[in-house]
$ cat work.cif   # mmCIF, C-alpha atoms and all ligand atoms
data_data
#
loop_
_atom_site.label_atom_id
_atom_site.label_comp_id
_atom_site.auth_asym_id
_atom_site.auth_seq_id
_atom_site.Cartn_x
_atom_site.Cartn_y
_atom_site.Cartn_z
CA MET M 23 -17.86 36.43 71.04
CA LYS M 24 -16.16 33.94 68.71
CA THR M 25 -13.32 32.08 70.36
CA VAL M 26 -11.15 29.12 69.37
CA GLU M 27 -9.15 26.36 70.98
CA ALA M 28 -5.49 26.77 70.08
CA GLY M 29 -2.42 24.58 70.45
CA VAL M 30 1.32 25.29 70.51
CA ILE M 31 3.68 22.45 69.55
CA GLY M 32 7.21 23.17 70.82
CA VAL M 33 7.22 25.62 73.72
CA GLY M 34 10.90 26.62 73.80
CA TRP M 35 11.88 30.26 73.36
CA ILE M 36 9.58 31.18 70.45
CA GLY M 37 6.76 28.74 71.32
CA GLY M 38 6.86 30.14 74.86
CA LEU M 39 6.24 33.64 73.48
CA ARG M 40 3.37 32.34 71.31
CA ALA M 41 1.89 30.48 74.31
CA GLU M 42 2.06 33.56 76.52
CA THR M 43 0.33 35.68 73.86
CA LEU M 44 -2.42 33.06 73.41
CA ALA M 45 -2.82 32.70 77.20
CA ARG M 46 -3.42 36.46 77.50
CA THR M 47 -6.09 36.84 74.82
CA ALA M 48 -9.84 36.42 75.32
CA LEU M 49 -10.04 35.01 71.77
CA VAL M 50 -8.60 31.71 72.97
CA ASP M 51 -11.13 29.61 74.79
CA LYS M 52 -8.75 26.78 75.69
CA LEU M 53 -4.99 26.60 75.25
CA HIS M 54 -3.20 23.29 74.63
CA LEU M 55 0.57 22.92 74.93
CA CYS M 56 3.00 20.27 73.73
CA ASP M 57 6.75 19.72 74.10
CA ILE M 58 8.92 16.63 74.19
CA LYS M 59 10.90 18.06 77.13
CA PRO M 60 8.90 17.33 80.32
CA ASP M 61 10.72 20.01 82.37
CA ARG M 62 10.08 22.77 79.87
CA LEU M 63 6.45 21.68 79.40
CA ALA M 64 5.92 21.75 83.17
CA GLU M 65 7.54 25.20 83.45
CA VAL M 66 5.39 26.73 80.68
CA SER M 67 2.26 24.98 82.01
CA ARG M 68 2.81 26.55 85.44
CA LEU M 69 2.99 29.96 83.79
CA TYR M 70 0.04 29.75 81.36
CA ASP M 71 -2.32 27.20 82.92
CA PRO M 72 -3.31 25.36 79.71
CA ALA M 73 -6.41 23.15 79.36
CA SER M 74 -4.05 20.30 78.41
CA ALA M 75 -0.31 19.65 78.24
CA THR M 76 1.21 16.70 76.40
CA LEU M 77 4.57 15.25 75.40
CA ASP M 78 3.13 13.83 72.15
CA TYR M 79 1.88 16.14 69.39
CA GLN M 80 -0.47 13.40 68.18
CA ASP M 81 -2.69 14.38 71.16
CA ILE M 82 -3.08 17.84 69.59
CA ILE M 83 -3.76 16.24 66.19
CA LYS M 84 -6.42 13.92 67.63
CA ASN M 85 -8.28 16.69 69.46
CA ASP M 86 -10.91 17.84 66.92
CA LYS M 87 -11.76 20.91 68.98
CA ILE M 88 -8.33 22.46 68.36
CA ARG M 89 -8.68 24.55 65.20
CA VAL M 90 -5.50 26.62 65.30
CA VAL M 91 -1.99 25.25 65.81
CA TYR M 92 1.33 27.09 66.15
CA ILE M 93 4.37 24.91 65.38
CA SER M 94 7.56 26.25 67.00
CA THR M 95 9.78 23.19 67.16
CA THR M 96 13.48 22.62 66.59
CA PRO M 97 15.46 21.07 64.99
CA GLU M 98 14.03 22.50 61.80
CA ALA M 99 13.92 19.07 60.13
CA ASN M 100 10.72 18.36 62.09
CA HIS M 101 8.80 21.35 60.66
CA TYR M 102 7.65 19.39 57.61
CA PRO M 103 6.34 16.17 59.26
CA ILE M 104 4.56 18.01 62.10
CA ALA M 105 3.01 20.62 59.77
CA ARG M 106 1.97 17.85 57.34
CA ASP M 107 0.23 15.90 60.11
CA CYS M 108 -1.55 19.03 61.39
CA LEU M 109 -2.75 20.07 57.91
CA LYS M 110 -3.90 16.51 57.15
CA ALA M 111 -5.93 16.63 60.38
CA GLY M 112 -7.67 19.86 59.29
CA LYS M 113 -5.82 22.33 61.56
CA ASN M 114 -5.03 25.90 60.55
CA VAL M 115 -1.26 26.19 60.92
CA MET M 116 1.27 28.88 61.72
CA LEU M 117 4.72 27.31 61.23
CA GLU M 118 8.00 29.00 62.18
CA LYS M 119 10.50 29.52 59.39
CA PRO M 120 11.91 27.69 57.52
CA ILE M 121 8.76 26.33 55.85
CA ALA M 122 10.65 23.05 55.17
CA LEU M 123 14.12 21.78 54.34
CA GLU M 124 13.26 20.57 50.81
CA LEU M 125 11.30 22.39 48.11
CA TRP M 126 9.08 19.34 47.49
CA GLU M 127 8.14 19.33 51.20
CA ALA M 128 7.09 22.98 50.97
CA ASP M 129 5.04 22.17 47.85
CA GLU M 130 3.26 19.33 49.62
CA LEU M 131 2.38 21.53 52.62
CA ILE M 132 1.03 24.25 50.33
CA GLN M 133 -1.07 21.70 48.41
CA LEU M 134 -2.44 20.17 51.61
CA SER M 135 -3.51 23.58 52.93
CA LYS M 136 -5.21 24.45 49.63
CA ARG M 137 -6.93 21.08 49.30
CA ASN M 138 -8.26 21.21 52.86
CA ASN M 139 -9.13 24.93 52.63
CA LEU M 140 -6.96 25.78 55.65
CA LYS M 141 -5.04 28.87 56.70
CA PHE M 142 -1.32 28.21 56.48
CA THR M 143 1.35 30.80 57.19
CA ILE M 144 5.03 31.04 58.10
CA GLY M 145 6.46 33.02 61.03
CA TYR M 146 8.19 35.90 59.28
CA SER M 147 7.70 38.22 62.21
CA GLN M 148 9.70 41.13 60.78
CA ARG M 149 6.60 42.05 58.77
CA PHE M 150 5.15 43.00 62.18
CA ASN M 151 8.12 45.26 63.00
CA PRO M 152 6.62 48.81 62.85
CA LYS M 153 9.69 50.16 61.00
CA ILE M 154 9.27 47.63 58.22
CA ALA M 155 5.51 48.19 58.08
CA TYR M 156 6.34 51.90 57.68
CA ALA M 157 8.68 51.12 54.75
CA LYS M 158 5.86 49.17 53.05
CA LYS M 159 3.46 52.10 53.56
CA LYS M 160 5.93 54.63 52.12
CA ILE M 161 6.62 52.47 49.07
CA VAL M 162 2.93 51.73 48.41
CA ASP M 163 1.84 55.39 48.81
CA GLY M 164 4.52 56.47 46.31
CA THR M 165 6.58 58.66 48.69
CA LEU M 166 9.84 57.06 47.51
CA GLY M 167 8.86 57.02 43.81
CA LYS M 168 10.14 53.96 41.95
CA VAL M 169 12.32 51.92 44.28
CA VAL M 170 15.90 51.62 42.98
CA SER M 171 17.76 49.68 45.71
CA VAL M 172 17.32 48.03 49.10
CA LEU M 173 20.14 47.28 51.51
CA VAL M 174 19.73 45.27 54.74
CA SER M 175 22.60 44.42 57.08
CA ARG M 176 21.65 42.19 60.03
CA HIS M 177 23.95 40.92 62.78
CA LEU M 178 23.13 38.56 65.64
CA SER M 179 25.21 38.01 68.75
CA ARG M 180 27.50 34.97 68.62
CA ASP M 181 25.71 33.36 71.57
CA LEU M 182 22.51 33.21 69.56
CA GLY M 183 24.46 32.26 66.42
CA LYS M 184 25.98 29.31 68.26
CA LYS M 185 22.54 28.13 69.40
CA ILE M 186 21.07 28.36 65.90
CA ALA M 187 24.00 27.06 63.88
CA SER M 188 24.74 24.15 66.19
CA ARG M 189 21.37 22.40 65.93
CA VAL M 190 21.33 22.11 62.11
CA ARG M 191 23.89 22.71 59.43
CA LEU M 192 22.09 25.66 57.89
CA SER M 193 23.85 28.83 56.76
CA PRO M 194 23.30 32.47 57.85
CA VAL M 195 21.41 33.18 54.63
CA VAL M 196 18.98 30.31 55.38
CA MET M 197 18.53 31.08 59.06
CA GLU M 198 18.91 34.89 59.24
CA SER M 199 18.68 36.58 55.84
CA THR M 200 15.52 34.54 55.28
CA HIS M 201 13.63 37.19 57.30
CA ASP M 202 15.10 39.98 55.19
CA LEU M 203 14.48 38.24 51.87
CA ASP M 204 10.89 37.78 52.98
CA PHE M 205 10.17 41.38 53.92
CA VAL M 206 12.15 42.88 51.03
CA PHE M 207 10.23 40.77 48.48
CA TRP M 208 7.03 41.90 50.24
CA LEU M 209 8.12 45.56 50.00
CA LEU M 210 8.86 45.12 46.29
CA GLU M 211 5.73 43.16 45.29
CA PRO M 212 4.85 42.30 42.53
CA ALA M 213 8.53 42.17 41.43
CA LYS M 214 10.15 38.74 41.47
CA PRO M 215 13.80 37.74 42.06
CA VAL M 216 15.63 36.62 38.91
CA ARG M 217 19.32 36.39 39.87
CA VAL M 218 21.27 35.72 43.08
CA TYR M 219 24.97 36.16 43.85
CA SER M 220 26.23 35.37 47.34
CA GLN M 221 29.58 35.30 49.11
CA GLY M 222 30.34 33.98 52.59
CA ALA M 223 33.20 34.81 54.95
CA TYR M 224 34.64 32.60 57.70
CA GLY M 225 35.63 33.84 61.17
CA TYR M 226 34.54 33.00 64.71
CA MET M 227 31.88 30.38 63.85
CA LYS M 228 34.13 28.15 61.67
CA GLU M 229 35.72 26.55 64.73
CA VAL M 230 32.32 26.10 66.38
CA ASN M 231 30.42 24.38 63.58
CA GLY M 232 32.06 25.06 60.22
CA SER M 233 29.63 27.82 59.30
CA HIS M 234 30.29 31.17 57.65
CA ASP M 235 30.20 34.11 60.08
CA ILE M 236 28.39 36.24 57.52
CA MET M 237 26.99 36.00 54.01
CA PHE M 238 26.31 38.92 51.69
CA THR M 239 23.71 38.17 49.02
CA THR M 240 22.85 40.35 46.01
CA VAL M 241 19.44 39.73 44.45
CA THR M 242 18.35 41.28 41.14
CA MET M 243 14.59 41.71 40.73
CA ASP M 244 12.76 41.38 37.39
CA ASN M 245 12.06 45.14 37.38
CA GLY M 246 15.78 45.96 37.77
CA VAL M 247 15.75 46.79 41.52
CA VAL M 248 18.95 45.62 43.18
CA VAL M 249 18.83 44.17 46.69
CA MET M 250 21.84 43.59 48.96
CA ILE M 251 21.33 41.56 52.12
CA GLY M 252 23.98 40.81 54.73
CA GLY M 253 23.22 38.30 57.47
CA GLY M 254 25.65 37.19 60.14
CA TRP M 255 26.03 35.89 63.66
CA ASN M 256 29.40 36.86 65.07
CA PHE M 257 28.67 39.97 67.19
CA PRO M 258 30.29 39.75 70.62
CA PRO M 259 27.93 39.06 73.52
CA SER M 260 26.26 42.19 74.90
CA TYR M 261 22.80 40.79 75.48
CA PRO M 262 21.51 37.28 74.95
CA ASN M 263 19.86 37.02 71.53
CA TYR M 264 20.87 40.57 70.58
CA CYS M 265 20.07 41.54 66.97
CA SER M 266 21.18 44.69 65.14
CA THR M 267 19.88 45.74 61.71
CA TRP M 268 20.48 48.66 59.36
CA ILE M 269 18.18 49.25 56.36
CA GLU M 270 18.50 51.70 53.45
CA ILE M 271 15.93 52.02 50.67
CA THR M 272 16.50 54.42 47.77
CA GLY M 273 13.95 55.49 45.17
CA THR M 274 13.56 58.00 42.35
CA GLU M 275 11.70 60.42 44.68
CA GLY M 276 13.27 59.76 48.08
CA ALA M 277 15.24 57.55 50.43
CA LEU M 278 14.35 55.84 53.69
CA THR M 279 16.92 54.83 56.29
CA LEU M 280 15.78 52.65 59.18
CA ASP M 281 18.05 52.25 62.18
CA ASP M 282 17.03 48.97 63.85
CA THR M 283 20.39 48.57 65.58
CA GLN M 284 18.64 48.50 68.98
CA ARG M 285 21.13 50.80 70.70
CA ASP M 286 18.33 52.92 72.11
CA ASN M 287 17.79 50.78 75.23
CA TRP M 288 21.06 50.61 77.11
CA LEU M 289 21.26 48.87 80.48
CA ASN M 290 24.52 48.84 82.39
CA THR M 291 24.89 46.81 85.57
CA ALA M 292 27.81 45.98 87.85
CA LYS M 293 27.03 42.30 87.46
CA ARG M 294 26.50 41.93 83.68
CA GLY M 295 28.08 45.02 82.17
CA GLN M 296 26.51 46.58 79.06
CA GLU M 297 23.35 45.10 77.57
CA PHE M 298 21.06 46.25 74.79
CA THR M 299 17.70 45.21 76.17
CA MET M 300 14.48 44.52 74.23
CA SER M 301 16.69 43.88 71.20
CA THR M 302 15.78 40.35 70.11
CA MET M 303 14.30 39.61 66.68
CA PRO M 304 11.03 38.12 68.01
CA GLY M 305 10.68 40.61 70.88
CA GLU M 306 9.30 39.97 74.35
CA TRP M 307 6.46 40.73 76.73
CA VAL M 308 7.24 43.74 78.95
CA ASP M 309 4.52 43.64 81.63
CA HIS M 310 1.31 44.63 79.78
CA VAL M 311 2.86 45.40 76.38
CA TYR M 312 4.61 43.35 73.70
CA ALA M 313 7.90 44.86 72.51
CA GLY M 314 8.42 43.34 69.05
CA GLY M 315 6.76 41.42 66.25
CA ILE M 316 5.79 37.95 67.48
CA GLY M 317 2.97 39.09 69.79
CA PRO M 318 1.05 40.96 67.05
CA GLU M 319 1.93 38.23 64.53
CA THR M 320 0.46 35.53 66.80
CA MET M 321 -2.73 37.58 67.19
CA HIS M 322 -2.93 38.32 63.46
CA PHE M 323 -3.03 34.61 62.62
CA LEU M 324 -5.62 33.89 65.30
CA GLU M 325 -7.84 36.68 63.96
CA ALA M 326 -7.35 35.55 60.35
CA CYS M 327 -8.65 32.10 61.40
CA ILE M 328 -11.61 33.48 63.38
CA ARG M 329 -12.64 36.07 60.77
CA ASP M 330 -11.65 33.98 57.73
CA THR M 331 -9.43 36.74 56.34
CA ASN M 332 -6.13 36.55 54.44
CA VAL M 333 -2.89 35.70 56.23
CA MET M 334 -0.07 38.25 56.06
CA VAL M 335 2.56 35.76 54.79
CA THR M 336 1.40 33.32 52.14
CA PRO M 337 3.19 29.95 52.01
CA GLU M 338 3.88 30.61 48.31
CA SER M 339 5.92 33.68 49.26
CA ALA M 340 7.81 31.60 51.87
CA ARG M 341 8.54 29.06 49.13
CA ARG M 342 9.97 31.85 46.91
CA VAL M 343 12.21 32.93 49.79
CA MET M 344 13.31 29.31 50.21
CA GLU M 345 14.19 29.06 46.52
CA THR M 346 16.21 32.29 46.79
CA TYR M 347 18.26 31.35 49.86
CA SER M 348 18.90 27.88 48.42
CA ALA M 349 20.23 29.61 45.29
CA ALA M 350 22.36 31.87 47.53
CA ASP M 351 23.97 28.85 49.22
CA LEU M 352 24.74 27.34 45.80
CA SER M 353 26.06 30.67 44.52
CA ALA M 354 28.45 31.05 47.48
CA ASP M 355 29.65 27.46 46.99
CA ARG M 356 30.16 27.78 43.21
CA ASN M 357 31.35 31.37 43.37
CA GLN M 358 28.99 32.32 40.55
CA PRO M 359 25.52 33.89 40.12
CA ILE M 360 22.45 31.61 40.00
CA ASP M 361 19.31 32.41 37.98
CA LEU M 362 15.78 32.09 39.34
CA PRO M 363 13.49 30.24 39.03
CA LEU M 364 15.84 27.32 39.63
CA THR M 365 16.51 24.94 36.74
CA ASN M 366 16.78 21.13 36.96
CA GLU M 367 20.57 21.58 36.96
CA THR M 368 20.58 24.07 39.87
CA ILE M 369 18.01 22.04 41.83
CA SER M 370 20.28 19.01 41.60
CA GLY M 371 23.29 21.23 42.47
CA ILE M 372 21.51 22.32 45.65
CA ALA M 373 20.74 18.69 46.53
CA GLU M 374 24.42 17.76 46.08
CA LEU M 375 25.55 20.71 48.19
CA LYS M 376 23.18 19.70 51.01
CA GLN M 377 24.51 16.16 50.88
CA LYS M 378 28.08 17.45 51.01
CA ASN M 379 27.24 19.70 53.98
CA ARG M 380 25.49 16.89 55.80
CA ALA M 381 28.52 14.67 55.34
CA GLY M 382 30.63 17.47 56.80
CA LEU M 383 32.88 17.55 53.72
CA ASN M 384 32.48 21.29 53.31
CA VAL M 385 33.84 22.21 56.74
N1 LIG I 401 10.48 34.73 64.09
C1 LIG I 401 11.62 34.88 64.73
O1 LIG I 401 12.08 35.99 64.96
C2 LIG I 401 12.35 33.67 65.20
C3 LIG I 401 13.41 33.82 66.10
C4 LIG I 401 14.06 32.68 66.55
C5 LIG I 401 13.69 31.43 66.10
N2 LIG I 401 12.67 31.31 65.19
C6 LIG I 401 12.24 29.98 64.72
O2 LIG I 401 11.41 29.43 65.74
C7 LIG I 401 11.62 28.03 65.84
C8 LIG I 401 11.87 27.67 67.31
O3 LIG I 401 13.08 28.26 67.75
P1 LIG I 401 13.45 28.36 69.31
O4 LIG I 401 14.61 29.28 69.40
O5 LIG I 401 12.22 28.62 70.09
O6 LIG I 401 13.93 26.86 69.58
P2 LIG I 401 13.98 26.10 70.98
O7 LIG I 401 14.97 25.02 70.75
O8 LIG I 401 14.19 27.06 72.10
O9 LIG I 401 12.53 25.45 71.17
C9 LIG I 401 12.06 24.39 70.37
C10 LIG I 401 11.23 23.46 71.23
O10 LIG I 401 10.65 22.44 70.38
C11 LIG I 401 10.58 21.26 71.17
N3 LIG I 401 10.35 20.09 70.31
C12 LIG I 401 11.22 19.48 69.48
N4 LIG I 401 10.62 18.44 68.85
C13 LIG I 401 9.34 18.40 69.29
C14 LIG I 401 8.23 17.57 69.01
N5 LIG I 401 8.32 16.55 68.14
N6 LIG I 401 7.06 17.81 69.65
C15 LIG I 401 6.96 18.83 70.52
N7 LIG I 401 7.99 19.66 70.84
C16 LIG I 401 9.16 19.46 70.22
C17 LIG I 401 11.90 21.25 71.90
O11 LIG I 401 11.88 20.37 73.01
C18 LIG I 401 12.05 22.72 72.30
O12 LIG I 401 11.53 22.99 73.58
C19 LIG I 401 12.77 27.68 64.91
O13 LIG I 401 12.26 27.05 63.77
C20 LIG I 401 13.39 29.00 64.55
O14 LIG I 401 13.87 29.01 63.21
C21 LIG I 401 11.98 32.39 64.76
#
$ encode --input "work.cif" --output "structure tokens" --more "lines below"
Ligand SMILES: NC(=O)c1ccc[n+]([C@@H]2O[C@H](COP(=O)([O-])OP(=O)(O)OC[C@H]3O[C@@H](n4cnc5c(N)ncnc54)[C@H](O)[C@@H]3O)[C@@H](O)[C@H]2O)c1
Amino acid sequence: MKTVEAGVIGVGWIGGLRAETLARTALVDKLHLCDIKPDRLAEVSRLYDPASATLDYQDIIKNDKIRVVYISTTPEANHYPIARDCLKAGKNVMLEKPIALELWEADELIQLSKRNNLKFTIGYSQRFNPKIAYAKKKIVDGTLGKVVSVLVSRHLSRDLGKKIASRVRLSPVVMESTHDLDFVFWLLEPAKPVRVYSQGAYGYMKEVNGSHDIMFTTVTMDNGVVVMIGGGWNFPPSYPNYCSTWIEITGTEGALTLDDTQRDNWLNTAKRGQEFTMSTMPGEWVDHVYAGGIGPETMHFLEACIRDTNVMVTPESARRVMETYSAADLSADRNQPIDLPLTNETISGIAELKQKNRAGLNV
């Protein structure tokens, strides 16, 4: 049997799920783990018994036997340098979203992977959500006819929103709707986005970190399909990391409504009150079975590397998503629609907006 040595850099919440999945599969010969937090590294090492554990990702880079690397670090500013170093060292890379913070960084990573003939993909795990896979199947087999519109409304709990929005000054469209932009563009392939109009609303999160509570983004595709995506993080706490999503797709021959609001698993305890369990975006291991997308996604990438088959999410598609959410941020700031692809003027507008946000002037 063909097996590989695999590494996970950053074994927090998501990296921990990747590590557990890799520790369980017979396709991984040796597992190598890395985190800059000694306590967390020790905790995960106790659970998954890796061949090596290190505080310095250069040890993963230097180990020529490691062919496959999962990068699950935060803050997101370190995605680009770590992915760049891994790709330069000839590793196949699965990188969590966002692909990078700057478009030129994404371009460099894509070029490096092409030049070195490496697999490179981004963790858009909603493509491994069975409901979304079903939507793709029903669009491709023609059941819905020509798609006319797609609506996605996604809400996270404020506890998770606080965690995400406090480590980097990135908006809900960049951190949440990114998943929805990715899978909707996948559903609508080969159509491309040509115009973006976004509006943000302030509420609970403004006091916490100056961020919008929710952003609604309209995207017009080049074949006329209209897409409306809402992404927010102000739901009251009912379960840590709770995520609730509602999806409607209409077409000339039918309509598909997907209720991913996660109200179907309802635990009520004297101690913690009401909780919607198994309701996180990445999912979780439940004894012998993975409830959610990240388990199958982790395995898909491993198998793509072993079999030399295509990855589900190309980095070029992640770059298109990045261009779209960057345009959405600019649109919300300017209160006007932005055309895609971006022009020199809108690229420099996005750079100025980022600078303004970094300086905290927009809060
Ligand atoms: N696909 C999904 O559904 C999904 C859901 C949540 C988060 N994410 C993405 O996953 C990534 C990780 O998120 P998280 O919630 O697990 O974050 P986290 O903060 O829980 O974990 C990140 C880990 O990276 C470690 N780290 C930071 N710099 C490092 C370095 N130089 N070398 C090694 N380790 C380093 C940190 O110590 C931490 O343990 C983020 O980019 C996030 O956008 C994806």
$ closest_residue --input "work.cif" --among "M:Thr239, M:Thr365, M:Gln377, M:Ser370" --to "Ser353 in chain M" --atoms "all atoms listed in the file"
M:Thr239
$ closest_residue --input "work.cif" --among "M:Val195, M:Ala187, M:Leu182, M:Ala313" --to "Phe238 in chain M" --atoms "only C-alpha atoms"
M:Val195
$ residues_near_ligand --input "work.cif" --ligand "ligand LIG 401 (chain I)" --cutoff "9 Å" --atoms "all atoms listed in the file" --output "JSON, numbers by chain"
{"M": [30, 31, 32, 33, 34, 35, 36, 37, 38, 39, 55, 56, 57, 58, 59, 60, 62, 63, 76, 77, 78, 79, 80, 93, 94, 95, 96, 97, 98, 99, 100, 101, 104, 117, 118, 119, 120, 121, 144, 145, 146, 147, 148, 182, 185, 186, 189, 197, 198, 201, 263, 302, 303, 304, 305, 315, 316]}
$ closest_residue --input "work.cif" --among "M:Gly164, M:Gly29, M:Gly252, M:Pro152" --to "Leu203 in chain M" --atoms "all atoms listed in the file"
M:Gly252
$ residues_around --input "work.cif" --residues "Asp51 in chain M" --least-positions-apart "3" --cutoff "6 Å" --atoms "all atoms listed in the file" --output "PDB file with C-alpha atoms, keeping the file's coordinate frame"
ATOM      1  CA  THR M  25     -13.320  32.080  70.360  1.00  0.00           C
ATOM      2  CA  VAL M  26     -11.150  29.120  69.370  1.00  0.00           C
ATOM      3  CA  GLU M  27      -9.150  26.360  70.980  1.00  0.00           C
TER       4      GLU M  27
END
